[in-house]
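Novice: Structure: entry_31.tsv, TSV, C-alpha atoms and all ligand atoms.
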chain	number	residue	atom	x	y	z
I	1	LEU	CA	119.18	82.75	28.88
I	2	ILE	CA	121.09	85.93	28.06
I	3	TYR	CA	124.58	84.92	27.00
I	4	LEU	CA	127.22	87.63	27.44
I	5	ASP	CA	130.31	85.46	27.78
I	6	HIS	CA	131.47	85.27	24.16
I	7	HIS	CA	135.12	85.68	25.20
I	8	ALA	CA	134.87	82.34	27.02
I	9	ALA	CA	133.14	80.44	24.19
I	10	THR	CA	130.95	81.49	21.29
I	11	PRO	CA	127.58	79.90	20.42
I	12	LEU	CA	127.78	77.48	17.49
I	13	ALA	CA	126.35	78.79	14.24
I	14	PRO	CA	123.88	76.30	12.68
I	15	SER	CA	126.33	75.59	9.83
I	16	VAL	CA	129.01	74.72	12.41
I	17	ALA	CA	126.77	72.36	14.36
I	18	ASP	CA	125.68	70.77	11.03
I	19	ALA	CA	129.25	70.27	9.85
I	20	SER	CA	130.22	68.60	13.14
I	21	ALA	CA	127.08	66.44	13.17
I	22	ARG	CA	127.68	65.31	9.57
I	23	ALA	CA	131.27	64.43	10.45
I	24	HIS	CA	130.10	62.37	13.43
I	25	GLU	CA	127.79	60.47	11.09
I	26	HIS	CA	129.97	60.03	8.01
I	27	ALA	CA	133.57	60.71	8.98
I	28	TRP	CA	134.09	58.92	12.27
I	29	ALA	CA	137.06	56.90	10.97
I	30	ASN	CA	140.68	57.52	11.85
I	31	PRO	CA	141.93	60.17	9.41
I	32	ALA	CA	145.36	58.50	9.36
I	33	SER	CA	143.88	55.26	7.94
I	34	VAL	CA	144.62	54.69	4.26
I	35	HIS	CA	141.25	53.10	3.37
I	36	ALA	CA	138.19	54.90	2.01
I	37	ALA	CA	136.66	55.56	5.45
I	38	GLY	CA	139.93	57.06	6.67
I	39	ARG	CA	140.24	59.15	3.52
I	40	ALA	CA	136.74	60.58	4.08
I	41	ALA	CA	137.75	61.74	7.55
I	42	ARG	CA	141.09	63.06	6.32
I	43	SER	CA	139.48	65.10	3.58
I	44	LEU	CA	137.48	67.05	6.21
I	45	VAL	CA	140.61	67.75	8.24
I	46	GLU	CA	142.48	68.92	5.14
I	47	GLN	CA	139.53	71.06	4.02
I	48	THR	CA	139.71	72.94	7.35
I	49	ARG	CA	143.47	73.37	6.91
I	50	ARG	CA	142.87	74.91	3.46
I	51	THR	CA	140.16	77.22	4.81
I	52	LEU	CA	142.52	78.37	7.58
I	53	GLY	CA	145.12	79.22	4.96
I	54	GLU	CA	142.62	81.09	2.77
I	55	GLN	CA	141.10	83.09	5.62
I	56	LEU	CA	144.35	83.97	7.38
I	57	GLY	CA	146.72	84.51	4.45
I	58	ALA	CA	149.02	81.58	5.17
I	59	ALA	CA	150.07	78.23	3.68
I	60	PRO	CA	147.74	75.41	4.84
I	61	ASN	CA	150.60	73.07	5.71
I	62	ASP	CA	152.08	75.57	8.16
I	63	PHE	CA	149.17	74.98	10.60
I	64	VAL	CA	149.28	72.31	13.30
I	65	PHE	CA	145.91	71.25	14.70
I	66	THR	CA	145.61	70.81	18.45
I	67	SER	CA	142.93	69.96	20.99
I	68	GLY	CA	142.30	73.61	21.90
I	69	GLY	CA	143.97	76.94	22.55
I	70	THR	CA	145.76	75.77	25.68
I	71	GLU	CA	147.48	72.92	23.87
I	72	ALA	CA	148.45	75.20	20.98
I	73	CYS	CA	149.96	77.75	23.41
I	74	ASN	CA	151.84	75.02	25.30
I	75	LEU	CA	153.14	73.52	22.06
I	76	ALA	CA	154.32	76.95	20.88
I	77	VAL	CA	156.01	77.96	24.14
I	78	LEU	CA	157.64	74.63	24.90
I	79	GLY	CA	158.26	73.71	21.27
I	80	LEU	CA	159.98	76.99	20.37
I	81	ALA	CA	161.84	77.69	23.60
I	82	GLY	CA	164.22	74.70	23.58
I	83	ARG	CA	166.70	74.98	26.44
I	84	ALA	CA	165.78	78.60	26.99
I	85	ARG	CA	167.89	80.92	29.12
I	86	HIS	CA	165.65	83.98	28.82
I	87	VAL	CA	161.99	84.32	27.80
I	88	ILE	CA	159.79	87.43	27.59
I	89	ALA	CA	156.03	87.90	28.07
I	90	SER	CA	153.68	90.20	29.96
I	91	ALA	CA	151.30	89.68	32.86
I	92	LEU	CA	148.40	90.14	30.42
I	93	GLU	CA	148.95	86.71	28.88
I	94	HIS	CA	146.40	83.96	29.30
I	95	PRO	CA	147.39	81.18	31.76
I	96	ALA	CA	147.73	78.88	28.71
I	97	VAL	CA	150.86	80.91	27.82
I	98	LEU	CA	152.07	82.02	31.25
I	99	ALA	CA	151.94	78.59	32.88
I	100	PRO	CA	154.23	76.85	30.34
I	101	LEU	CA	156.57	79.86	30.49
I	102	ARG	CA	156.67	79.45	34.27
I	103	ALA	CA	157.36	75.74	33.76
I	104	LEU	CA	160.48	76.76	31.82
I	105	THR	CA	161.70	78.73	34.82
I	106	ALA	CA	161.68	75.52	36.85
I	107	ARG	CA	164.23	74.26	34.29
I	108	GLY	CA	166.45	77.28	34.84
I	109	ALA	CA	165.07	79.88	32.39
I	110	GLU	CA	164.53	83.49	33.42
I	111	LEU	CA	161.03	84.84	32.67
I	112	GLU	CA	160.92	88.60	32.17
I	113	LEU	CA	157.49	90.28	32.28
I	114	LEU	CA	157.41	93.60	30.43
I	115	PRO	CA	156.17	96.64	32.38
I	116	LEU	CA	152.56	97.80	31.85
I	117	GLU	CA	152.33	101.55	31.89
I	118	ALA	CA	149.06	103.48	32.31
I	119	ALA	CA	147.01	100.27	32.01
I	120	GLU	CA	148.18	99.72	28.41
I	121	PRO	CA	149.71	96.62	26.79
I	122	PRO	CA	153.54	96.60	26.81
I	123	SER	CA	155.13	99.27	24.64
I	124	PRO	CA	157.33	98.24	21.68
I	125	GLU	CA	160.13	100.27	23.31
I	126	SER	CA	159.97	98.18	26.49
I	127	LEU	CA	160.23	95.03	24.36
I	128	ALA	CA	163.23	96.39	22.46
I	129	ARG	CA	164.94	97.19	25.79
I	130	ALA	CA	164.25	93.74	27.27
I	131	LEU	CA	165.51	91.61	24.33
I	132	ARG	CA	168.83	89.93	24.99
I	133	ASP	CA	171.16	87.86	22.84
I	134	ASP	CA	170.05	84.75	24.75
I	135	THR	CA	166.28	85.46	24.57
I	136	ALA	CA	164.75	82.22	23.26
I	137	VAL	CA	161.14	83.34	22.72
I	138	VAL	CA	158.84	86.34	23.16
I	139	ALA	CA	155.15	85.54	23.84
I	140	LEU	CA	152.73	88.47	23.56
I	141	GLN	CA	149.01	88.26	22.87
I	142	TRP	CA	147.20	90.26	20.18
I	143	VAL	CA	143.96	90.97	22.07
I	144	ASN	CA	143.43	90.60	25.80
I	145	HIS	CA	140.73	88.13	26.84
I	146	GLU	CA	139.50	90.26	29.76
I	147	THR	CA	139.64	93.90	28.67
I	148	GLY	CA	139.81	93.48	24.88
I	149	ALA	CA	143.01	95.59	24.73
I	150	ILE	CA	144.64	95.50	21.29
I	151	ALA	CA	148.44	95.22	21.48
I	152	PRO	CA	150.81	96.62	18.81
I	153	VAL	CA	151.78	93.13	17.61
I	154	ALA	CA	153.05	94.24	14.19
I	155	GLU	CA	155.59	96.47	15.95
I	156	TYR	CA	156.54	93.67	18.34
I	157	ALA	CA	157.08	91.44	15.28
I	158	LYS	CA	159.38	93.95	13.57
I	159	ILE	CA	161.50	94.32	16.70
I	160	CYS	CA	161.76	90.55	17.24
I	161	ARG	CA	162.57	89.92	13.56
I	162	ALA	CA	165.39	92.46	13.66
I	163	ARG	CA	166.91	90.59	16.62
I	164	ALA	CA	166.10	87.11	15.14
I	165	VAL	CA	164.08	86.13	18.23
I	166	PRO	CA	160.87	84.13	17.57
I	167	LEU	CA	157.65	85.94	18.49
I	168	LEU	CA	154.63	83.88	19.54
I	169	VAL	CA	151.35	85.77	19.16
I	170	ASP	CA	148.34	84.33	20.97
I	171	ALA	CA	145.64	85.52	18.55
I	172	SER	CA	142.83	83.54	20.23
I	173	GLN	CA	140.82	86.70	20.95
I	174	ALA	CA	141.88	88.61	17.82
I	175	ILE	CA	140.72	86.30	15.01
I	176	GLY	CA	137.16	87.19	14.00
I	177	LYS	CA	137.33	90.54	15.80
I	178	LEU	CA	140.16	92.16	13.83
I	179	ASP	CA	141.35	91.67	10.29
I	180	CYS	CA	144.15	89.14	10.92
I	181	ASP	CA	146.39	88.59	7.90
I	182	LEU	CA	149.32	86.43	8.98
I	183	SER	CA	151.23	87.24	5.78
I	184	ARG	CA	151.49	90.85	6.96
I	185	LEU	CA	152.21	90.14	10.63
I	186	ASP	CA	155.71	88.62	10.37
I	187	ALA	CA	155.42	86.66	13.62
I	188	SER	CA	157.03	83.23	14.09
I	189	ALA	CA	154.02	81.45	15.59
I	190	VAL	CA	150.33	82.31	16.01
I	191	VAL	CA	147.58	80.58	18.02
I	192	ILE	CA	144.02	80.44	16.63
I	193	THR	CA	141.17	78.98	18.74
I	194	ALA	CA	137.93	77.66	17.24
I	195	SER	CA	135.72	78.34	20.25
I	196	LYS	CA	136.27	82.12	19.99
I	197	ILE	CA	135.03	82.37	16.38
I	198	GLY	CA	131.80	80.41	16.47
I	199	GLY	CA	133.50	77.00	16.29
I	200	PRO	CA	133.38	74.17	18.80
I	201	THR	CA	135.47	73.95	21.98
I	202	GLY	CA	138.39	71.54	21.83
I	203	ALA	CA	139.85	72.60	18.45
I	204	ALA	CA	142.60	75.07	17.66
I	205	ALA	CA	145.56	75.59	15.36
I	206	LEU	CA	149.12	76.73	15.80
I	207	TRP	CA	150.62	78.44	12.77
I	208	VAL	CA	154.41	78.20	12.62
I	209	GLU	CA	156.58	79.99	10.07
I	210	ARG	CA	158.21	77.77	7.47
I	211	GLY	CA	161.62	76.47	8.52
I	212	ARG	CA	161.15	77.22	12.23
I	213	GLU	CA	161.96	74.22	14.38
I	214	LEU	CA	159.12	73.13	16.67
I	215	ALA	CA	159.78	70.34	19.16
I	216	PRO	CA	156.62	68.27	19.77
I	217	THR	CA	155.17	68.21	23.27
I	218	LEU	CA	153.04	65.10	22.67
I	219	HIS	CA	155.02	62.03	21.69
I	220	GLY	CA	153.45	59.26	19.64
I	221	GLY	CA	152.46	58.90	15.99
I	222	ALA	CA	153.62	61.07	13.11
I	223	GLN	CA	150.37	63.06	12.71
I	224	GLU	CA	150.56	66.76	11.76
I	225	ARG	CA	153.93	66.17	10.04
I	226	GLY	CA	155.45	64.90	13.25
I	227	ARG	CA	154.59	68.06	15.16
I	228	ARG	CA	151.55	66.87	17.10
I	229	ALA	CA	151.00	63.19	17.78
I	230	GLY	CA	147.52	61.76	18.27
I	231	THR	CA	144.28	61.25	16.37
I	232	PRO	CA	142.49	64.59	16.00
I	233	ASP	CA	138.83	65.28	16.77
I	234	VAL	CA	137.58	65.25	13.17
I	235	ALA	CA	134.07	66.47	14.03
I	236	ALA	CA	135.45	69.44	15.99
I	237	LEU	CA	137.80	70.27	13.13
I	238	ALA	CA	134.93	70.06	10.61
I	239	GLY	CA	133.04	72.58	12.75
I	240	PHE	CA	136.18	74.73	12.99
I	241	GLY	CA	136.28	74.82	9.16
I	242	ALA	CA	132.63	75.89	8.95
I	243	ALA	CA	133.28	78.66	11.49
I	244	LEU	CA	136.35	79.85	9.58
I	245	ALA	CA	134.30	80.09	6.39
I	246	GLN	CA	132.09	82.62	8.20
I	247	LEU	CA	134.92	84.87	9.38
I	248	PRO	CA	134.11	87.66	6.89
I	249	ASP	CA	130.48	87.77	8.16
I	250	ARG	CA	131.73	87.84	11.76
I	251	LEU	CA	134.06	90.74	10.98
I	252	ALA	CA	131.28	92.59	9.19
I	253	SER	CA	129.15	92.42	12.34
I	254	MET	CA	131.76	94.14	14.55
I	255	ALA	CA	130.38	97.67	14.07
I	256	GLN	CA	126.92	96.58	15.25
I	257	ILE	CA	128.42	94.65	18.17
I	258	GLY	CA	130.39	97.77	19.14
I	259	ALA	CA	127.23	99.89	19.18
I	260	ARG	CA	125.50	97.35	21.47
I	261	ARG	CA	128.56	97.08	23.71
I	262	ASP	CA	128.66	100.88	24.05
I	263	GLN	CA	124.96	100.99	24.95
I	264	LEU	CA	125.49	98.27	27.58
I	265	GLU	CA	128.61	99.96	28.92
I	266	ARG	CA	126.92	103.37	29.26
I	267	ALA	CA	124.12	101.81	31.29
I	268	CYS	CA	126.62	99.94	33.50
I	269	VAL	CA	128.52	103.17	34.15
I	270	GLU	CA	125.25	104.86	35.16
I	271	LEU	CA	124.79	102.00	37.62
I	272	GLY	CA	128.18	102.77	39.19
I	273	GLY	CA	130.56	100.67	37.06
I	274	VAL	CA	134.08	101.90	36.32
I	275	VAL	CA	135.39	100.74	32.94
I	276	ASN	CA	138.72	98.88	32.77
I	277	ARG	CA	140.03	99.59	29.29
I	278	SER	CA	143.03	100.54	27.20
I	279	ARG	CA	143.08	103.16	24.44
I	280	ALA	CA	142.58	100.61	21.64
I	281	ARG	CA	140.21	97.71	22.26
I	282	VAL	CA	137.98	95.31	20.34
I	283	ASN	CA	134.22	95.87	20.11
I	284	THR	CA	133.10	92.66	21.77
I	285	VAL	CA	133.70	93.30	25.46
I	286	THR	CA	133.21	95.67	28.36
I	287	ASN	CA	135.12	95.06	31.55
I	288	LEU	CA	133.81	96.98	34.57
I	289	SER	CA	134.52	97.15	38.26
I	290	LEU	CA	131.64	97.63	40.67
I	291	ARG	CA	133.30	98.82	43.85
I	292	GLY	CA	131.93	97.22	47.00
I	293	TRP	CA	130.96	94.00	45.19
I	294	ARG	CA	132.93	90.81	44.70
I	295	GLY	CA	133.11	89.84	41.05
I	296	ASP	CA	132.30	86.17	41.66
I	297	VAL	CA	129.30	87.07	43.86
I	298	LEU	CA	128.01	89.38	41.14
I	299	VAL	CA	128.41	86.69	38.48
I	300	ALA	CA	126.52	84.18	40.65
I	301	ALA	CA	123.70	86.68	41.30
I	302	LEU	CA	123.45	87.49	37.57
I	303	ASP	CA	123.35	83.77	36.78
I	304	VAL	CA	120.25	83.45	38.98
I	305	GLU	CA	118.74	86.27	36.86
I	306	GLY	CA	119.48	84.24	33.70
I	307	LEU	CA	122.49	86.29	32.60
I	308	CYS	CA	125.71	84.42	31.76
I	309	ALA	CA	128.70	86.67	32.53
I	310	SER	CA	132.14	86.25	34.06
I	311	SER	CA	134.54	88.03	36.35
I	312	GLY	CA	137.63	87.13	34.33
I	313	ALA	CA	139.02	84.26	32.26
I	314	ALA	CA	136.60	81.34	32.28
I	315	CYS	CA	139.33	78.89	33.18
I	316	SER	CA	139.97	80.77	36.44
I	317	SER	CA	136.27	81.11	37.34
I	318	GLY	CA	135.21	79.27	40.41
I	319	LEU	CA	138.59	79.84	42.03
I	320	GLY	CA	137.28	83.01	43.63
I	321	ALA	CA	140.65	84.70	43.07
I	322	PRO	CA	140.70	88.22	41.58
I	323	SER	CA	141.82	88.51	37.95
I	324	PRO	CA	145.63	88.54	37.64
I	325	VAL	CA	145.24	90.67	34.47
I	326	LEU	CA	143.43	93.49	36.29
I	327	GLN	CA	145.80	93.21	39.25
I	328	ALA	CA	148.71	93.74	36.87
I	329	LEU	CA	146.99	96.62	35.06
I	330	TYR	CA	145.89	98.44	38.25
I	331	PRO	CA	148.40	97.48	40.96
I	332	ASP	CA	147.39	100.46	43.15
I	333	GLU	CA	143.64	99.83	42.88
I	334	PRO	CA	143.02	96.25	44.06
I	335	TRP	CA	139.25	96.86	44.20
I	336	ARG	CA	139.18	96.86	40.40
I	337	ALA	CA	140.24	93.19	40.17
I	338	GLU	CA	138.14	92.19	43.19
I	339	SER	CA	134.92	93.63	41.78
I	340	ALA	CA	135.41	92.93	38.05
I	341	LEU	CA	132.61	91.97	35.70
I	342	ARG	CA	133.32	90.95	32.09
I	343	LEU	CA	130.41	91.15	29.66
I	344	SER	CA	131.31	89.94	26.15
I	345	LEU	CA	129.09	90.05	23.09
I	346	GLY	CA	128.89	88.40	19.69
I	347	PRO	CA	127.01	88.66	16.41
I	348	GLU	CA	124.03	86.88	18.01
I	349	THR	CA	123.64	89.48	20.79
I	350	SER	CA	120.37	91.35	20.18
I	351	GLU	CA	119.22	94.75	21.37
I	352	ASP	CA	116.58	93.02	23.50
I	353	GLU	CA	119.27	90.96	25.19
I	354	VAL	CA	121.27	94.08	25.97
I	355	ALA	CA	118.16	95.68	27.50
I	356	ALA	CA	117.44	92.51	29.50
I	357	ALA	CA	121.05	92.37	30.72
I	358	ILE	CA	120.86	95.97	31.92
I	359	ALA	CA	117.60	95.22	33.75
I	360	ALA	CA	119.15	92.12	35.38
I	361	LEU	CA	122.18	94.10	36.55
I	362	ARG	CA	119.95	96.87	37.87
I	363	ARG	CA	117.92	94.33	39.89
I	364	VAL	CA	121.04	92.70	41.36
I	365	LEU	CA	122.72	95.98	42.27
I	366	ALA	CA	119.50	97.34	43.84
I	367	ARG	CA	119.68	94.62	46.49
I	368	ARG	CA	122.64	96.40	48.02
I	369	ALA	CA	121.48	99.97	47.51
F	401	LIG	C1	143.74	84.62	24.90
F	401	LIG	C2	143.46	83.16	25.13
F	401	LIG	N1	144.44	82.27	24.94
F	401	LIG	C3	144.24	80.95	25.12
F	401	LIG	C4	143.02	80.45	25.52
F	401	LIG	C5	142.86	78.98	25.79
F	401	LIG	O1	142.02	78.36	24.87
F	401	LIG	P1	141.22	76.99	25.23
F	401	LIG	O2	140.16	77.36	26.20
F	401	LIG	O3	140.71	76.55	23.89
F	401	LIG	O4	142.18	76.01	25.80
F	401	LIG	C6	141.96	81.35	25.72
F	401	LIG	C7	140.63	80.86	26.17
F	401	LIG	O5	139.86	81.59	26.75
F	401	LIG	C8	142.19	82.74	25.52
F	401	LIG	O6	141.22	83.65	25.73
Reformat the file's structure so that it appears as structure tokens.
Ligand SMILES: Cc1ncc(COP(=O)(O)O)c(C=O)c1O

Specialist:
Amino acid sequence: LIYLDHHAATPLAPSVADASARAHEHAWANPASVHAAGRAARSLVEQTRRTLGEQLGAAPNDFVFTSGGTEACNLAVLGLAGRARHVIASALEHPAVLAPLRALTARGAELELLPLEAAEPPSPESLARALRDDTAVVALQWVNHETGAIAPVAEYAKICRARAVPLLVDASQAIGKLDCDLSRLDASAVVITASKIGGPTGAAALWVERGRELAPTLHGGAQERGRRAGTPDVAALAGFGAALAQLPDRLASMAQIGARRDQLERACVELGGVVNRSRARVNTVTNLSLRGWRGDVLVAALDVEGLCASSGAACSSGLGAPSPVLQALYPDEPWRAESALRLSLGPETSEDEVAAAIAALRRVLARRA
């Protein structure tokens, strides 16, 4: 199998799988229990919290563990927004952010989506213009899951801080691809997802600045300092910790990943692909449109060839609907969203796999030549 869908989920490094397996064996108890078995489980959870703090330049206790990126995004949006009158985002956001924002509009809030000019993430100027005295939260991602576009989040943060409006940064696709130091970002909340950095699915963290009120979305026990009720998945969190410990190695591999992505992209362009990209982007992805094809048909044909790819966000796959991100970026060129193919790479992607992926794409496209 050739796996080029690292933006959906990353393969588990052996140390991650080991850490989770050991936790299943030795730390299956409830980490809230006060006895020795509970303490063993709790110590793994707290070790991951410390590793998060060390790797991301933040205080361990300012992280709230959740059952994945979607829950962390929901907790941030709904927990920060309160009885919001006005909220700001862009059409580039993942559904995990946009859907809870839209839920707020059902309760009377106004959702303002910033304009996207020349297929770029929203400009800081457009954010400054949109902020109002009654803006309750701004939610803007760091790196786009489909095109890899890098947004000017530090500038967004400065603008929001000056107006005392909390900024939520969905960093799910930025951690492990860019140097992410939360102490320098000055956001109010940041989402980190284990399954994008070599960790297991079903584990994530929401960082919230000290003193910022966060209303829980799950009601129950007092876990996570009252901010997220429920017994956590200790084995997933143990794996998350092992993945976080490898962040420096992951970052060090980005240059090599970029070279392989460029090689893959050049070949795809020779085969007729048109690249969907912004000026600044991460090294792990190429997003192409192959006019005349339907993205989901292409993905299915590549799957038969043993190549795992996607036509957009994994959570929207199977719906057959064109990517809302590409529709928003290229409103006058609907064929781009309809025929999109996302190929995303990781440290494990070898040169042989890139060559095999190109051969698979060539075979599929030749059927229509
Ligand atoms: C940018 C972004 N935010 C949020 C999520 C949701 O994370 P999860 O799949 O862990 O719920 C994803 C997952 O692909 C993502 O890419």

Novice: Write out as a tab-separated table (two decimals) with C-alpha atoms, in the coordinates of the input each polymer residue (protein, DNA or RNA) that has an atom no more than 9 Å from ligand LIG 401 (chain F), with all atoms listed in the file counted.

Specialist:
chain	number	residue	atom	x	y	z
I	7	HIS	CA	135.12	85.68	25.20
I	8	ALA	CA	134.87	82.34	27.02
I	9	ALA	CA	133.14	80.44	24.19
I	67	SER	CA	142.93	69.96	20.99
I	68	GLY	CA	142.30	73.61	21.90
I	69	GLY	CA	143.97	76.94	22.55
I	70	THR	CA	145.76	75.77	25.68
I	71	GLU	CA	147.48	72.92	23.87
I	72	ALA	CA	148.45	75.20	20.98
I	73	CYS	CA	149.96	77.75	23.41
I	93	GLU	CA	148.95	86.71	28.88
I	94	HIS	CA	146.40	83.96	29.30
I	95	PRO	CA	147.39	81.18	31.76
I	96	ALA	CA	147.73	78.88	28.71
I	97	VAL	CA	150.86	80.91	27.82
I	141	GLN	CA	149.01	88.26	22.87
I	142	TRP	CA	147.20	90.26	20.18
I	143	VAL	CA	143.96	90.97	22.07
I	144	ASN	CA	143.43	90.60	25.80
I	145	HIS	CA	140.73	88.13	26.84
I	146	GLU	CA	139.50	90.26	29.76
I	170	ASP	CA	148.34	84.33	20.97
I	171	ALA	CA	145.64	85.52	18.55
I	172	SER	CA	142.83	83.54	20.23
I	173	GLN	CA	140.82	86.70	20.95
I	174	ALA	CA	141.88	88.61	17.82
I	191	VAL	CA	147.58	80.58	18.02
I	192	ILE	CA	144.02	80.44	16.63
I	193	THR	CA	141.17	78.98	18.74
I	194	ALA	CA	137.93	77.66	17.24
I	195	SER	CA	135.72	78.34	20.25
I	196	LYS	CA	136.27	82.12	19.99
I	201	THR	CA	135.47	73.95	21.98
I	202	GLY	CA	138.39	71.54	21.83
I	203	ALA	CA	139.85	72.60	18.45
I	204	ALA	CA	142.60	75.07	17.66
I	313	ALA	CA	139.02	84.26	32.26
I	314	ALA	CA	136.60	81.34	32.28
I	315	CYS	CA	139.33	78.89	33.18

Novice: I need the residue nearest Trp207 in chain I from this list: I:Ile257, I:Leu75, I:Leu326, I:Val364. Use only C-alpha atoms for the distance.

Specialist: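 For Trp207 in chain I, the nearest of the candidates is I:Leu75.
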
Novice: Please indicate the distance in Å from CA of His24 in chain I to CA of Leu218 in chain I, rounded to one decimal place.

Specialist: 24.9 Å

Novice: With distances taken over all atoms listed in the file, which of I:Val64, I:Leu56, I:Ala130, I:Leu4 is nearest to His86 in chain I?

Specialist: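 Using all atoms listed in the file, the shortest distance to His86 in chain I belongs to I:Ala130.
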
Novice: CA of Ala321 in chain I to CA of Val138 in chain I: how many Å, to one decimal?

Specialist: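 According to the coordinates, CA of Ala321 in chain I and CA of Val138 in chain I are separated by 27.0 Å.
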
Novice: Which value, in Å to one decimal, gives the distance between CA of Val282 in chain I and CA of Gln327 in chain I?

Specialist: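 Rounded to one decimal, the two atoms are 20.6 Å apart.
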